[in-house]
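Have a look at query_38.cif; it's mmCIF, C-alpha atoms:
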data_entry
#
loop_
_atom_site.label_atom_id
_atom_site.label_comp_id
_atom_site.auth_asym_id
_atom_site.auth_seq_id
_atom_site.Cartn_x
_atom_site.Cartn_y
_atom_site.Cartn_z
CA MET A 468 -36.43 24.10 -92.37
CA THR A 469 -37.49 20.69 -93.69
CA LEU A 470 -38.71 20.01 -97.18
CA LEU A 471 -42.33 19.05 -97.67
CA LEU A 472 -41.36 16.39 -100.20
CA ALA A 473 -38.79 13.63 -99.84
CA TRP A 474 -37.64 10.54 -101.71
CA GLN A 475 -37.66 7.60 -99.25
CA PRO A 476 -38.48 4.31 -100.99
CA GLY A 477 -36.68 2.29 -98.29
CA GLU A 478 -38.90 3.59 -95.52
CA THR A 479 -41.95 3.01 -97.68
CA ALA A 480 -40.92 -0.62 -98.22
CA ASP A 481 -40.42 -1.06 -94.45
CA TRP A 482 -43.82 0.41 -93.79
CA LEU A 483 -45.46 -1.87 -96.37
CA ARG A 484 -43.82 -4.94 -94.79
CA THR A 485 -45.27 -4.20 -91.37
CA SER A 486 -48.63 -2.84 -92.48
CA PRO A 487 -51.64 -5.18 -92.85
CA LEU A 488 -52.38 -3.49 -96.17
CA LEU A 489 -50.48 -5.90 -98.46
CA GLY A 490 -51.95 -8.98 -96.73
CA VAL A 491 -55.48 -7.65 -97.17
CA LEU A 492 -54.83 -6.71 -100.79
CA LEU A 493 -53.24 -10.08 -101.56
CA THR A 494 -56.20 -11.95 -100.02
CA LEU A 495 -58.80 -9.86 -101.86
CA GLY A 496 -56.83 -10.10 -105.12
CA GLY A 497 -56.40 -13.87 -104.79
CA TYR A 498 -60.11 -14.25 -104.15
CA ARG A 499 -60.98 -12.04 -107.12
CA VAL A 500 -58.80 -14.18 -109.39
CA GLY A 501 -60.37 -17.30 -107.84
CA ARG A 502 -63.85 -16.00 -108.68
CA ALA A 503 -62.75 -15.16 -112.23
CA VAL A 504 -61.23 -18.62 -112.74
CA HIS A 505 -64.38 -20.22 -111.31
CA ALA A 506 -66.57 -18.23 -113.72
CA ARG A 507 -64.23 -18.91 -116.67
CA CYS A 508 -64.38 -22.66 -116.01
CA GLY A 509 -68.17 -22.66 -116.13
CA ARG A 510 -68.38 -22.78 -112.30
CA HIS A 511 -66.68 -26.17 -112.31
CA PRO A 512 -66.67 -27.43 -108.67
CA ALA A 513 -62.92 -28.19 -108.77
CA THR A 514 -62.19 -24.47 -109.21
CA GLN A 515 -63.54 -23.35 -105.82
CA PRO A 516 -62.41 -19.71 -105.40
CA VAL A 517 -60.95 -20.45 -101.94
CA LEU A 518 -58.76 -23.21 -103.40
CA VAL A 519 -57.46 -21.06 -106.26
CA ALA A 520 -56.84 -18.17 -103.85
CA VAL A 521 -54.98 -20.29 -101.26
CA VAL A 522 -52.69 -21.69 -103.96
CA LEU A 523 -52.06 -18.22 -105.42
CA VAL A 524 -51.46 -16.41 -102.14
CA GLY A 525 -49.34 -19.30 -100.83
CA ALA A 526 -47.23 -19.21 -103.98
CA VAL A 527 -46.72 -15.45 -103.67
CA LEU A 528 -45.60 -15.82 -100.02
CA LEU A 529 -43.15 -18.61 -100.91
CA ALA A 530 -41.83 -16.78 -103.97
CA THR A 531 -41.23 -13.53 -102.09
CA GLY A 532 -39.95 -15.17 -98.92
CA THR A 533 -42.72 -13.53 -96.89
CA SER A 534 -43.44 -15.26 -93.57
CA TYR A 535 -46.97 -16.37 -92.71
CA ALA A 536 -46.79 -14.18 -89.61
CA ASP A 537 -46.19 -11.10 -91.77
CA TYR A 538 -49.04 -12.04 -94.12
CA SER A 539 -51.34 -12.70 -91.15
CA ARG A 540 -51.34 -9.08 -90.09
CA GLY A 541 -53.58 -8.51 -93.10
CA GLY A 542 -55.08 -12.01 -93.24
CA ASP A 543 -56.38 -11.70 -89.68
CA LEU A 544 -58.32 -8.58 -90.64
CA VAL A 545 -60.10 -10.48 -93.41
CA ALA A 546 -60.69 -13.53 -91.21
CA PHE A 547 -62.21 -11.25 -88.53
CA LEU A 548 -65.30 -10.96 -90.75
CA LEU A 549 -66.00 -14.67 -90.11
CA GLY A 550 -67.73 -13.42 -86.95
CA PRO A 551 -70.54 -11.43 -88.63
CA ALA A 552 -70.62 -13.96 -91.51
CA THR A 553 -71.33 -16.79 -89.07
CA VAL A 554 -74.11 -14.72 -87.48
CA ALA A 555 -75.41 -14.04 -91.01
CA LEU A 556 -76.07 -17.77 -91.50
CA ALA A 557 -79.19 -17.13 -89.41
CA VAL A 558 -80.74 -15.50 -92.49
CA PRO A 559 -80.87 -18.48 -94.92
CA LEU A 560 -81.99 -20.56 -91.95
CA HIS A 561 -84.76 -18.07 -91.15
CA ARG A 562 -86.00 -18.39 -94.74
CA GLN A 563 -86.20 -22.19 -94.39
CA ALA A 564 -87.36 -22.29 -90.78
CA HIS A 565 -90.76 -23.74 -91.71
CA HIS A 566 -88.91 -27.00 -92.46
CA LEU A 567 -87.22 -27.08 -89.06
CA ARG A 568 -89.85 -29.02 -87.14
CA ARG A 569 -89.75 -32.10 -89.36
CA LEU A 570 -85.95 -32.03 -89.28
CA LEU A 571 -85.64 -31.89 -85.51
CA LEU A 572 -85.33 -35.65 -84.93
CA PRO A 573 -83.02 -36.29 -87.91
CA LEU A 574 -80.77 -33.44 -86.77
CA LEU A 575 -80.63 -34.62 -83.16
CA VAL A 576 -79.53 -38.09 -84.30
CA ALA A 577 -77.41 -37.39 -87.36
CA ILE A 578 -75.26 -34.51 -86.15
CA PRO A 579 -73.93 -36.13 -82.95
CA LEU A 580 -73.32 -39.29 -84.99
CA GLY A 581 -71.48 -37.32 -87.68
CA VAL A 582 -69.41 -35.47 -85.09
CA VAL A 583 -68.37 -38.70 -83.34
CA LEU A 584 -67.47 -40.30 -86.70
CA SER A 585 -65.42 -37.26 -87.75
CA ILE A 586 -63.48 -37.23 -84.48
CA VAL A 587 -63.01 -40.98 -83.98
CA LEU A 588 -62.17 -41.79 -87.60
CA GLY A 589 -60.00 -38.69 -87.99
CA TYR A 590 -58.03 -39.61 -84.87
CA GLY A 591 -58.04 -43.37 -85.49
CA VAL A 592 -56.98 -43.38 -89.15
CA VAL A 593 -54.10 -40.97 -88.47
CA ARG A 594 -52.85 -43.31 -85.71
CA LEU A 595 -53.39 -46.36 -87.92
CA LEU A 596 -51.30 -44.83 -90.73
CA GLY A 597 -48.38 -44.10 -88.43
CA GLY A 598 -49.14 -40.63 -87.04
CA ASP A 599 -48.44 -39.91 -83.37
CA ASP A 600 -50.92 -38.79 -80.73
CA GLU A 601 -50.22 -35.10 -81.36
CA LEU A 602 -50.91 -35.44 -85.10
CA ALA A 603 -54.11 -37.41 -84.46
CA THR A 604 -55.27 -34.80 -81.93
CA THR A 605 -54.56 -32.12 -84.55
CA MET A 606 -56.88 -33.93 -86.99
CA ALA A 607 -59.70 -34.65 -84.52
CA PRO A 608 -61.57 -31.27 -84.46
CA LYS A 609 -61.23 -30.46 -88.20
CA ALA A 610 -64.93 -30.85 -89.09
CA ALA A 611 -65.87 -27.88 -86.87
CA THR A 612 -65.64 -24.39 -88.33
CA THR A 613 -62.16 -22.78 -88.14
CA PRO A 614 -62.63 -20.46 -85.13
CA VAL A 615 -63.83 -23.48 -83.12
CA SER A 616 -61.45 -26.13 -84.43
CA ILE A 617 -58.32 -24.10 -83.66
CA VAL A 618 -59.40 -23.35 -80.08
CA LEU A 619 -60.26 -27.02 -79.50
CA SER A 620 -56.93 -28.10 -81.02
CA ALA A 621 -55.03 -25.74 -78.73
CA ASP A 622 -56.89 -27.00 -75.65
CA ALA A 623 -56.33 -30.65 -76.59
CA GLY A 624 -52.62 -30.26 -77.34
CA GLY A 625 -52.72 -30.34 -81.16
CA ILE A 626 -50.72 -28.28 -83.67
CA VAL A 627 -53.00 -25.26 -84.04
CA ALA A 628 -51.75 -23.98 -87.42
CA LEU A 629 -52.07 -27.46 -88.90
CA THR A 630 -55.61 -27.88 -87.54
CA ALA A 631 -56.54 -24.63 -89.29
CA VAL A 632 -55.10 -25.95 -92.56
CA LEU A 633 -56.83 -29.35 -92.19
CA THR A 634 -60.13 -27.59 -91.46
CA ILE A 635 -59.84 -25.56 -94.66
CA ALA A 636 -58.63 -28.65 -96.56
CA VAL A 637 -61.63 -30.78 -95.58
CA GLY A 638 -63.87 -27.86 -96.54
CA ILE A 639 -62.29 -27.63 -99.97
CA VAL A 640 -62.35 -31.40 -100.55
CA SER A 641 -66.03 -31.40 -99.61
CA ALA A 642 -66.91 -28.36 -101.71
CA VAL A 643 -65.26 -30.03 -104.70
CA LEU A 644 -66.33 -33.66 -104.21
CA GLY A 645 -69.10 -33.67 -101.57
CA PRO A 646 -72.17 -33.26 -103.81
CA TRP A 647 -70.74 -35.88 -106.18
CA LEU A 648 -70.20 -38.39 -103.35
CA LEU A 649 -73.68 -37.74 -101.96
CA THR A 650 -75.25 -38.38 -105.37
CA LEU A 651 -73.14 -41.54 -105.65
CA ALA A 652 -74.52 -42.65 -102.26
CA ARG A 653 -78.05 -41.89 -103.52
CA VAL A 654 -78.66 -39.09 -101.03
CA ARG A 655 -80.97 -36.86 -103.05
CA HIS A 656 -83.10 -34.93 -100.58
CA PRO A 657 -81.79 -31.35 -100.32
CA HIS A 658 -82.23 -31.33 -96.54
CA ALA A 659 -80.21 -34.52 -96.10
CA ARG A 660 -77.52 -33.28 -98.49
CA GLY A 661 -77.27 -29.91 -96.75
CA VAL A 662 -77.05 -31.35 -93.24
CA ALA A 663 -74.35 -33.82 -94.40
CA MET A 664 -72.30 -31.05 -96.06
CA GLY A 665 -72.51 -28.71 -93.07
CA THR A 666 -71.71 -31.45 -90.55
CA VAL A 667 -68.45 -32.59 -92.17
CA SER A 668 -67.29 -29.42 -93.92
CA HIS A 669 -68.53 -26.30 -92.05
CA GLY A 670 -68.63 -22.94 -93.87
CA ILE A 671 -66.79 -23.92 -97.03
CA GLY A 672 -69.10 -26.90 -97.64
CA THR A 673 -71.99 -24.58 -96.78
CA SER A 674 -70.91 -22.05 -99.40
CA ARG A 675 -70.98 -24.82 -102.05
CA SER A 676 -74.42 -25.92 -100.85
CA LEU A 677 -75.70 -22.32 -100.89
CA ALA A 678 -74.48 -22.01 -104.47
CA ASP A 679 -76.18 -25.29 -105.48
CA ASP A 680 -79.56 -24.82 -103.78
CA PRO A 681 -80.68 -22.21 -101.20
CA GLU A 682 -82.65 -24.83 -99.25
CA GLU A 683 -79.66 -27.19 -99.08
CA GLY A 684 -77.43 -24.28 -98.08
CA ALA A 685 -79.70 -23.19 -95.23
CA PHE A 686 -79.52 -26.61 -93.61
CA ALA A 687 -75.80 -26.84 -94.22
CA GLY A 688 -75.46 -23.58 -92.28
CA LEU A 689 -77.59 -24.91 -89.43
CA ALA A 690 -75.65 -28.19 -89.35
CA MET A 691 -72.40 -26.21 -89.31
CA GLY A 692 -73.51 -24.33 -86.20
CA LEU A 693 -74.78 -27.44 -84.41
CA THR A 694 -71.59 -29.31 -85.33
CA ALA A 695 -69.51 -26.54 -83.78
CA PHE A 696 -71.51 -26.89 -80.54
CA THR A 697 -71.39 -30.69 -80.53
CA THR A 698 -67.69 -30.94 -81.40
CA ALA A 699 -66.80 -28.52 -78.62
CA VAL A 700 -68.65 -30.73 -76.13
CA ALA A 701 -67.68 -34.15 -77.54
CA LEU A 702 -63.99 -33.67 -78.38
CA PRO A 703 -62.59 -33.41 -74.84
CA LEU A 704 -64.67 -36.42 -73.76
CA LEU A 705 -63.73 -38.58 -76.76
CA LEU A 706 -60.02 -37.74 -76.59
CA ARG A 707 -60.00 -38.97 -72.98
CA VAL A 708 -61.20 -42.36 -74.24
CA LEU A 709 -59.17 -42.60 -77.46
CA MET B 528 -72.82 -2.24 -103.35
CA PRO B 529 -75.58 -4.49 -104.62
CA ALA B 530 -78.52 -2.67 -106.10
CA MET B 531 -81.41 -2.65 -103.66
CA SER B 532 -84.77 -3.25 -105.23
CA ARG B 533 -87.55 -2.12 -102.97
CA PRO B 534 -90.97 -3.72 -103.17
CA PRO B 535 -93.94 -1.34 -103.60
CA SER B 536 -95.17 -1.89 -100.03
CA PRO B 537 -92.25 -2.20 -97.66
CA SER B 538 -92.68 -3.72 -94.21
CA PRO B 539 -93.06 -1.43 -91.20
CA SER B 540 -89.49 -2.26 -90.10
CA SER B 541 -87.97 -0.68 -93.23
CA PRO B 542 -89.34 2.73 -94.15
CA PRO B 543 -89.14 3.40 -97.91
CA SER B 544 -87.32 6.72 -97.53
CA ARG B 545 -84.18 5.15 -96.01
CA PRO B 546 -81.25 5.27 -98.45
CA GLY B 547 -79.71 1.94 -99.38
CA SER B 548 -76.31 2.74 -97.92
CA VAL B 549 -77.80 3.35 -94.49
CA ALA B 550 -79.84 0.16 -94.78
CA PHE B 551 -76.62 -1.81 -95.36
CA LEU B 552 -75.05 -0.11 -92.36
CA ASP B 553 -78.08 -1.00 -90.21
CA GLY B 554 -77.77 -4.61 -91.29
CA LEU B 555 -74.08 -4.73 -90.45
CA LEU B 556 -74.83 -3.19 -87.05
CA GLN B 557 -77.35 -5.92 -86.32
CA LEU B 558 -74.94 -8.68 -87.35
CA VAL B 559 -72.06 -7.32 -85.29
CA GLY B 560 -74.44 -6.57 -82.40
CA ALA B 561 -75.70 -10.16 -82.41
CA TRP B 562 -72.09 -11.39 -82.49
CA LEU B 563 -71.21 -9.20 -79.49
CA ALA B 564 -74.27 -10.43 -77.60
CA GLY B 565 -73.28 -14.02 -78.37
CA GLU B 566 -69.71 -13.46 -77.13
CA VAL B 567 -70.98 -11.90 -73.89
CA VAL B 568 -73.34 -14.84 -73.28
CA VAL B 569 -70.67 -17.45 -74.06
CA ARG B 570 -68.00 -15.84 -71.90
CA THR B 571 -70.31 -15.03 -69.00
CA LEU B 572 -71.71 -18.56 -68.83
CA GLY B 573 -68.42 -20.30 -69.74
CA LEU B 574 -70.01 -22.11 -72.70
CA PRO B 575 -67.57 -24.16 -74.83
CA VAL B 576 -68.86 -22.73 -78.15
CA PRO B 577 -67.98 -19.69 -80.23
CA GLY B 578 -69.93 -16.52 -79.55
CA ALA B 579 -70.74 -16.10 -83.25
CA VAL B 580 -72.67 -19.40 -83.27
CA VAL B 581 -74.74 -18.27 -80.28
CA GLY B 582 -75.19 -14.93 -82.06
CA MET B 583 -76.48 -16.81 -85.11
CA LEU B 584 -79.07 -18.70 -83.03
CA GLY B 585 -80.03 -15.45 -81.28
CA LEU B 586 -80.53 -13.63 -84.58
CA LEU B 587 -82.58 -16.57 -85.87
CA VAL B 588 -84.92 -16.23 -82.88
CA VAL B 589 -85.21 -12.45 -83.44
CA LEU B 590 -85.95 -12.95 -87.15
CA GLN B 591 -88.56 -15.62 -86.40
CA VAL B 592 -90.32 -13.37 -83.89
CA ARG B 593 -90.14 -10.06 -85.79
CA ARG B 594 -90.49 -11.47 -89.34
CA PRO B 595 -88.91 -8.54 -91.22
CA GLY B 596 -89.97 -7.94 -94.82
CA PRO B 597 -87.87 -9.05 -97.78
CA SER B 598 -86.25 -5.60 -98.04
CA SER B 599 -85.00 -5.67 -94.46
CA ALA B 600 -81.51 -4.32 -93.86
CA VAL B 601 -80.20 -7.36 -92.00
CA LEU B 602 -81.26 -9.70 -94.80
CA HIS B 603 -79.37 -7.61 -97.37
CA ALA B 604 -76.23 -7.35 -95.25
CA ALA B 605 -76.28 -11.09 -94.52
CA ASP B 606 -76.72 -12.02 -98.18
CA GLY B 607 -73.86 -9.69 -99.09
CA LEU B 608 -71.49 -11.30 -96.59
CA LEU B 609 -72.52 -14.88 -97.37
CA ALA B 610 -71.95 -14.36 -101.10
CA HIS B 611 -68.25 -14.07 -100.23
CA LEU B 612 -68.03 -16.60 -97.41
CA GLN B 613 -65.10 -18.40 -99.05
CA LEU B 614 -63.01 -15.20 -98.97
CA LEU B 615 -62.95 -15.31 -95.19
CA PHE B 616 -61.38 -18.79 -95.07
CA ILE B 617 -58.43 -17.92 -97.31
CA PRO B 618 -56.08 -16.67 -94.54
CA ALA B 619 -56.42 -19.91 -92.52
CA GLY B 620 -55.82 -21.97 -95.65
CA VAL B 621 -52.72 -19.99 -96.57
CA GLY B 622 -51.35 -21.19 -93.20
CA ILE B 623 -50.24 -24.27 -95.12
CA VAL B 624 -47.03 -22.40 -96.03
CA ALA B 625 -46.19 -22.33 -92.31
CA VAL B 626 -46.72 -26.09 -91.80
CA LEU B 627 -45.44 -27.42 -95.16
CA ALA B 628 -42.67 -29.43 -93.45
CA VAL B 629 -45.11 -31.37 -91.23
CA VAL B 630 -47.53 -31.89 -94.12
CA ARG B 631 -44.73 -33.37 -96.27
CA ALA B 632 -43.35 -35.58 -93.51
CA GLU B 633 -46.78 -36.90 -92.44
CA ALA B 634 -48.61 -36.82 -95.77
CA LEU B 635 -50.00 -40.36 -95.59
CA PRO B 636 -51.68 -40.21 -92.14
CA LEU B 637 -52.93 -36.67 -92.81
CA VAL B 638 -54.44 -37.35 -96.22
CA GLY B 639 -55.78 -40.76 -95.16
CA GLY B 640 -57.30 -39.52 -91.91
CA LEU B 641 -58.85 -36.51 -93.62
CA LEU B 642 -60.39 -38.39 -96.56
CA VAL B 643 -61.70 -41.41 -94.63
CA SER B 644 -63.30 -39.41 -91.80
CA TRP B 645 -64.76 -36.92 -94.30
CA ALA B 646 -66.24 -39.51 -96.70
CA VAL B 647 -67.71 -41.78 -94.02
CA GLY B 648 -69.11 -38.83 -92.06
CA LEU B 649 -70.69 -37.25 -95.14
CA VAL B 650 -72.37 -40.40 -96.41
CA VAL B 651 -73.56 -41.66 -93.01
CA VAL B 652 -75.05 -38.28 -92.04
CA GLY B 653 -76.75 -38.03 -95.44
CA TRP B 654 -78.23 -41.51 -95.11
CA VAL B 655 -79.39 -41.06 -91.52
CA VAL B 656 -81.13 -37.75 -92.25
CA ALA B 657 -82.79 -39.16 -95.39
CA LEU B 658 -83.91 -42.23 -93.39
CA LEU B 659 -85.36 -40.23 -90.49
CA LEU B 660 -87.10 -37.53 -92.56
CA PRO B 661 -90.87 -37.85 -92.48
CA ARG B 662 -92.04 -39.64 -95.63
CA ARG B 663 -93.74 -36.54 -97.08
CA ARG B 664 -91.38 -35.20 -99.73
CA PRO B 665 -91.26 -31.58 -100.88
CA ASP B 666 -93.07 -31.31 -104.21
CA ARG B 667 -89.91 -30.49 -106.11
CA GLY B 668 -89.35 -33.85 -107.77
CA ARG B 669 -85.89 -34.25 -106.22
CA GLY B 670 -86.56 -36.97 -103.65
CA ALA B 671 -87.00 -39.96 -105.93
CA SER B 672 -85.79 -42.63 -103.52
#
Please re-express this file's structure in C-alpha cells.
Amino acid sequence: MTLLLAWQPGETADWLRTSPLLGVLLTLGGYRVGRAVHARCGRHPATQPVLVAVVLVGAVLLATGTSYADYSRGGDLVAFLLGPATVALAVPLHRQAHHLRRLLLPLLVAIPLGVVLSIVLGYGVVRLLGGDDELATTMAPKAATTPVSIVLSADAGGIVALTAVLTIAVGIVSAVLGPWLLTLARVRHPHARGVAMGTVSHGIGTSRSLADDPEEGAFAGLAMGLTAFTTAVALPLLLRVL
Amino acid sequence: MPAMSRPPSPSPSSPPSRPGSVAFLDGLLQLVGAWLAGEVVVRTLGLPVPGAVVGMLGLLVVLQVRRPGPSSAVLHAADGLLAHLQLLFIPAGVGIVAVLAVVRAEALPLVGGLLVSWAVGLVVVGWVVALLLPRRRPDRGRGAS
C-alpha cells in the first residue's frame, strides 16, 4: 500500500527544469517588470519593456547557470504567439486602409530600396570592419521580422541564433532612437515615419510606432509585412552578388 | 480581460447578447484560422514568405470586404495581442546568452554593421516616402515641411 502523500523535492526540481513552465513564467515576469519600469520612467523610450525584459531574463539565466535551450522550452511557447500577432497587424491596417491608395507608389519604391540598403549595408559594413562572410551573412536579413530572418539566415549559411539576436537588437535600437533620428532628419509625416520604422525594425519598431500614433503604427505594420516579403525574395539574389 | 464596451447599435456581425469572453474566443479563432490559411497557401505554392504575413494580408482583405463594426470580436482580440507585441520578441532576444562569445569577439563589425545599415535605411526610407507622397497633407498640422 502506497501513501497518498510524499516528500520529493528532488523530483519536483527535476520536473521544473524540464517543464516549459519556468521559461513562460520568467518571460511573463520579465515583461511585467519591463512594463512597470517603462511606466515608472514616464514611458521614456530608452526603457522599452522588451529591452528591460531581455536584460532581466538573460541575467537570471546566467546567474542560475540555466542553458538557453532549457529556457527555450518555455520561451518557444511565448514566441509561438507571434503567429496570431502578425496576423493581427491586419487590424490597424484595416483602420487606416483609406490612406493606402495614395501610399501605393511610395511603398513600391521605398520598401525595396530600404530592403536593399539594409542587406547591402549590413553585409558590407560587417565585412569592412573585419567580419567574415558568415558573420556578414548573419547580419544581412536582420531587418525582416524574426520568424523570417532566422529562416533566411539558415538558408544562406548564417549563424541562426545570432541573426535572431541581431533582429531583436535592431528592433530595440530603432524603438529607442528611431523616432528621434527621423525627427532629426526632418521626416514628420506619420505615414513616412511609420513606413521607415516598419521597414528597418519590424514588429518592435512597429510597437513603438503604435504607441506613438495609431496611424504611424498601422503603416509600420504594413511596411513590416512587405519588408518580410521583399527580404525573402531579395536576400538570396543579393548574397549571390555580394 | 479588457472591459468590452458595446455601442448601442452593434453591427449585424456581432449580436449584442454574445458574452465578452466568447467574443474574445471568436476573435482568436479568426486570427489563428487566418494564420493557418496563410501557412497552407505558402507551403502549397512554395512561396518564400511566412504564412502569418500572408494570413495578415488575407485578413485585411476579409476586413475590407466585410467591414465589421467597432465591437467586432476580431478587432478586440487583435488589439489585445498587439498591446503586448514586445512580449513575444523577448525569447529571441534572450538568445544573446547563447551567442555572447561571438558577440564579444566580433563586437565592432556587429555593432557597426547594425547601426549603419539601420540609420541609413531608416532615414532614406523616410525621405523617399515623404518625397513621393501626394502633396495633400492630412489636416493634422504635423506635415510642416
Practice problem: May I have the residues within 10 Å of B:Leu574 as a list in words, using all atoms listed in the file and disregarding those fewer than 6 positions away in the same chain? | Solution: Phe696, Ala699 and Val700 of chain A; Glu566, Val568 and Val581 of chain B
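Proximity ranking of A:Gln515, A:Thr531, A:Thr630, A:Gln475 relative to A:Leu602 places A:Thr630 first, based on only C-alpha atoms.
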Exercise. Mind checking which residues fall within 10 Å of A:Asp680, counting only C-alpha atoms, ignoring those fewer than 5 positions away in the same chain, and posting them as a count of residues only?
Key: 4
Self-check item: Residue list as a PyMOL selection string for point (-52.1, -42.1, -91.5), cut-off 8 Å, all atoms listed in the file
Solution: (chain A and resi 592-598) or (chain B and resi 633-640)
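The interatomic distance for the pair atom CA of B:Leu612 and atom CA of A:His566 works out to 23.8 Å.
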Quiz item: When distances are computed from all atoms listed in the file, which of A:Leu483, A:Leu549, A:Val618, A:Met664 shows the smallest separation from A:Val640?
Solution: A:Met664
Exercise. Rank nothing, just name the residue among A:Ser674, A:Thr666, A:Thr604, A:Ser486 nearest to B:Val652, using only C-alpha atoms.
Key: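 Of the candidates, the smallest distance to B:Val652 is held by A:Thr666.
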Evaluate the PyMOL selection byres ((chain B and resi 551-565) around 6) and record the selected residues as a PDB file with C-alpha atoms, in the frame of the given file, following the chain and residue labels used in the document.
ATOM      1  CA  PRO A 551     -70.540 -11.430 -88.630  1.00  0.00           C
TER       2      PRO A 551
ATOM      3  CA  SER B 548     -76.310   2.740 -97.920  1.00  0.00           C
ATOM      4  CA  VAL B 549     -77.800   3.350 -94.490  1.00  0.00           C
ATOM      5  CA  ALA B 550     -79.840   0.160 -94.780  1.00  0.00           C
ATOM      6  CA  GLU B 566     -69.710 -13.460 -77.130  1.00  0.00           C
ATOM      7  CA  VAL B 567     -70.980 -11.900 -73.890  1.00  0.00           C
ATOM      8  CA  VAL B 568     -73.340 -14.840 -73.280  1.00  0.00           C
ATOM      9  CA  GLY B 578     -69.930 -16.520 -79.550  1.00  0.00           C
ATOM     10  CA  ALA B 579     -70.740 -16.100 -83.250  1.00  0.00           C
ATOM     11  CA  VAL B 581     -74.740 -18.270 -80.280  1.00  0.00           C
ATOM     12  CA  GLY B 582     -75.190 -14.930 -82.060  1.00  0.00           C
ATOM     13  CA  ALA B 600     -81.510  -4.320 -93.860  1.00  0.00           C
ATOM     14  CA  VAL B 601     -80.200  -7.360 -92.000  1.00  0.00           C
ATOM     15  CA  ALA B 604     -76.230  -7.350 -95.250  1.00  0.00           C
TER      16      ALA B 604
END
Quiz item: Quick one: which residues end up in the PyMOL selection byres ((chain A and resi 495-502) around 9) for this structure, as a list in words?
Solution: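 Evaluating the PyMOL selection byres ((chain A and resi 495-502) around 9) on these coordinates yields Gly490, Val491, Leu492, Leu493, Thr494, Ala503, Val504, His505, Ala506, Arg507, Arg510, Thr514, Gln515, Pro516, Val517, Leu518, Val519, Ala520, Val521, Val522, Leu523, Val524 and Val545 of chain A; Gln613, Leu614 and Ile617 of chain B.
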C-alpha atoms of the current selection, written as a PDB file, in the coordinates of the input:
ATOM      1  CA  GLY A 490     -51.950  -8.980 -96.730  1.00  0.00           C
ATOM      2  CA  VAL A 491     -55.480  -7.650 -97.170  1.00  0.00           C
ATOM      3  CA  LEU A 492     -54.830  -6.710-100.790  1.00  0.00           C
ATOM      4  CA  LEU A 493     -53.240 -10.080-101.560  1.00  0.00           C
ATOM      5  CA  THR A 494     -56.200 -11.950-100.020  1.00  0.00           C
ATOM      6  CA  ALA A 503     -62.750 -15.160-112.230  1.00  0.00           C
ATOM      7  CA  VAL A 504     -61.230 -18.620-112.740  1.00  0.00           C
ATOM      8  CA  HIS A 505     -64.380 -20.220-111.310  1.00  0.00           C
ATOM      9  CA  ALA A 506     -66.570 -18.230-113.720  1.00  0.00           C
ATOM     10  CA  ARG A 507     -64.230 -18.910-116.670  1.00  0.00           C
ATOM     11  CA  ARG A 510     -68.380 -22.780-112.300  1.00  0.00           C
ATOM     12  CA  THR A 514     -62.190 -24.470-109.210  1.00  0.00           C
ATOM     13  CA  GLN A 515     -63.540 -23.350-105.820  1.00  0.00           C
ATOM     14  CA  PRO A 516     -62.410 -19.710-105.400  1.00  0.00           C
ATOM     15  CA  VAL A 517     -60.950 -20.450-101.940  1.00  0.00           C
ATOM     16  CA  LEU A 518     -58.760 -23.210-103.400  1.00  0.00           C
ATOM     17  CA  VAL A 519     -57.460 -21.060-106.260  1.00  0.00           C
ATOM     18  CA  ALA A 520     -56.840 -18.170-103.850  1.00  0.00           C
ATOM     19  CA  VAL A 521     -54.980 -20.290-101.260  1.00  0.00           C
ATOM     20  CA  VAL A 522     -52.690 -21.690-103.960  1.00  0.00           C
ATOM     21  CA  LEU A 523     -52.060 -18.220-105.420  1.00  0.00           C
ATOM     22  CA  VAL A 524     -51.460 -16.410-102.140  1.00  0.00           C
ATOM     23  CA  VAL A 545     -60.100 -10.480 -93.410  1.00  0.00           C
TER      24      VAL A 545
ATOM     25  CA  GLN B 613     -65.100 -18.400 -99.050  1.00  0.00           C
ATOM     26  CA  LEU B 614     -63.010 -15.200 -98.970  1.00  0.00           C
ATOM     27  CA  ILE B 617     -58.430 -17.920 -97.310  1.00  0.00           C
TER      28      ILE B 617
END
Within 7 Å of stretch 584-592 of chain B, counting all atoms listed in the file, which residues qualify if same-chain residues fewer than 6 places away don't, as a PDB file with C-alpha atoms, in the frame of the given file?
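part.pdb, freshly written:
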ATOM      1  CA  ALA A 557     -79.190 -17.130 -89.410  1.00  0.00           C
ATOM      2  CA  VAL A 558     -80.740 -15.500 -92.490  1.00  0.00           C
ATOM      3  CA  HIS A 561     -84.760 -18.070 -91.150  1.00  0.00           C
TER       4      HIS A 561
ATOM      5  CA  ALA B 561     -75.700 -10.160 -82.410  1.00  0.00           C
TER       6      ALA B 561
END
Exercise. In Å, rounded to a single decimal, give me how far atom CA of A:Leu584 is from atom CA of A:Ala701.
Key: 11.0 Å
Self-check item: Separation of atom CA of B:Gly622 from atom CA of A:Ala610 in Å
Solution: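 Value for the atom CA of A:Ala610-atom CA of B:Gly622 distance: 17.2 Å.
Minimum atom-to-atom distance to B:Val626, evaluated using all atoms listed in the file, belongs to A:Ile626 out of A:Ile626, A:Val554, A:Gly589, A:Pro573.
Proximity of B:Arg662, B:Val643, B:Arg593, B:Val569 to chain A, computed with only C-alpha atoms, is greatest for B:Val643.
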